[in-house]
Amino acid sequence: MAIKQKTKSLKARGEDLSNTFFQLDVLNGKQVTDAKFTPFAKKIGEAGFTTLTPTTLEIFQLNIGKLCNQTCTHCHVDAGPDRKEENMDKATLEKCLKIIASVPSIHTVDITGGAPEMNAHFRWFVEECSKLGKKVINRCNLTIIVANKKYFDLPEFFAKHKVHIISSLPYFSEGKTDSQRGDGVFQASIKALKMLNEVGYGKEDPDLVLDLVYNPNGAFLPDDQASLEKLFKRKLSTKFGISFNMLFAITNLPISRFLDYLLQSGNYEEYMEKLVNAYNPMTVQGLMCRNTISVSWDGYLHDCDFNQMLELKVATNGSQHLDDFDLEKLKNRNIVLNQHCYGCTAGAGSSCGGEIA
Amino acid sequence: MTNNVNLRKMADNSYFKPEDLKKFGDITKWQETLGKKFFEYYGEVFKEGALTAREKALIALAVSHAVQCPYCIDAYTNTCVTKGAEEEEMMEAVHVAAAIKSGATLVYGVQMMNHNNKISM
Ligand code: SF4
Ligand code: SF4
């Protein structure tokens, strides 16, 4: 099913914001506003954290590439069809497998992108993780399933390996979904959801979990997850007969294309103010960067996918890359914080698994 | 004050200032007891009850238009959007307010007719 792209990647447009240093400058008040927001690292001091340190490494997250069949307006990865260069090769995936196999506390492999399925080694990698007995999460944009006939059997493949599917669907109607993700995305997503339901996803089988991700379609924070889940369940079931397991309400972090949108629409300061005012100290304990390592397509290690997109590598002396992975050094690191982190602590908090507190 | 004057005042930003909404809580400074009671009541009203918080937000949006309060229109547009209200639902809510307001005007037409009939041969 054809999708009409909303935009091009910042990189393809040659925007200043495609430079991560520029993004960090904006976030730290050096471009558009005075640095009027308390530094996040200082703010978490109020929750009793002088530094933020990791707990146990449980989730090994890989961003296996920026290639995507969509170019969503809010994308924090700056992904798109033009990002053909930044994709993980087999040798790097093999290095990941070695680490995953050797660290028993890693129970989950979380695969994201881009559209991870577009990486030529995706299926092989999922099979290998599954052989290791690890739980596999795939962050699927849904439309890839119906984008080309070579992907039509993905639902069966996912089911065979009991892959936990987490998919974005910002809204239960066409207009708002397509304005964020591209014309045609809503219809294609509905078709893909039905295909997933047909093989048993999103129903009672505890091995076939289909969770959806809601992220606000503009410069506002998500409402509480439980109410949104109830609403999405009712609407998707009555309108389309679709079922799913949970809805994760995720806050848009002010980086990459969402930062571009905020600046272009004149919403940046007000949005930052909303994030800062909604700071909730109860969320700090459960921040996802505490039990996760996020690997980029070229093998570098980061505290989370957002830090990865800002090219903020883990703050370790050595062990910044798969080649010198050292669990002890990683355990003893301080997590790299910056102003975008306010997106994770606003309201009920936000992580790859939705609300925190 | 007519609506035109209102609009002009808003345009030169000298009367209605969007940022004043953030200071709404300050009204307690000059009358704490009543102010606090009002905000407690207000908070309680908008909690999930027999009506969902989303339904209440749509009602509030309609009423905001009926009372033509720019602060409330901004605030309840935000709340409706946050609570996943569809654009069509929001516009229908505004039409409900408009229908009641126009109905309330038009129903006086009966009084006009009555009076006309009374004074006419
Ligand atoms: S948000 Fe997801 S689906 Fe959209 S462009 Fe980014 S990676 Fe692709
Ligand atoms: S952006 Fe990353 S490092 Fe910052 S709080 Fe969120 S998860 Fe942690």
# chains A, B, ... in the order shown; residues from 1 in each chain; ligands from 1
>>> residues_near_ligand(ligand="ligand 1", cutoff="7 Å", atoms="only C-alpha atoms and all ligand atoms", output="list in words")
Lys66, Cys68, Asn69, Gln70, Thr71, Cys72, His74, Cys75, His76, Val77, Asp78, Ala79, Gly80, Gly113, Gly114, Ala115, Asn141 and Arg181 of chain A
>>> residues_near_ligand(ligand="ligand 2", cutoff="10 Å", atoms="only C-alpha atoms and all ligand atoms", output="PyMOL selection string")
chain A and resi 40-41+44+52-54+253-255+283-284+286-292+294+302-310+312+314+334-345+349-352
>>> atom_distance(atom1="atom CA of A:Cys96", atom2="atom CA of A:Gly353")
22.1 Å
>>> closest_residue(among="B:Val96, B:Cys80, B:Leu21, B:Ala62", to="chain A", atoms="only C-alpha atoms")
B:Cys80
>>> closest_atom_pairs(of="chain B", to="chain A", cutoff="8 Å", atoms="only C-alpha atoms", output="Markdown table")
| residue | atom | partner | partner_atom | distance |
| --- | --- | --- | --- | --- |
| B:Asn78 | CA | A:Phe220 | CA | 7.7 |
| B:Thr82 | CA | A:Asp223 | CA | 5.5 |
| B:Lys83 | CA | A:Asp223 | CA | 5.7 |
| B:Gly84 | CA | A:Leu228 | CA | 7.1 |
>>> select_by_dssp(residues="stretch 26-206 of chain A", states="helix (DSSP H, G or I)", output="number ranges by chain")
A: 26-27, 40-47, 90-102, 116-118, 122-131, 143-146, 149-151, 154-160, 174-181, 185-198
>>> atom_distance(atom1="atom CA of A:Leu93", atom2="atom CA of A:Asp207")
24.7 Å
>>> atom_distance(atom1="atom CA of B:Ile73", atom2="atom CA of B:Pro18")
10.8 Å
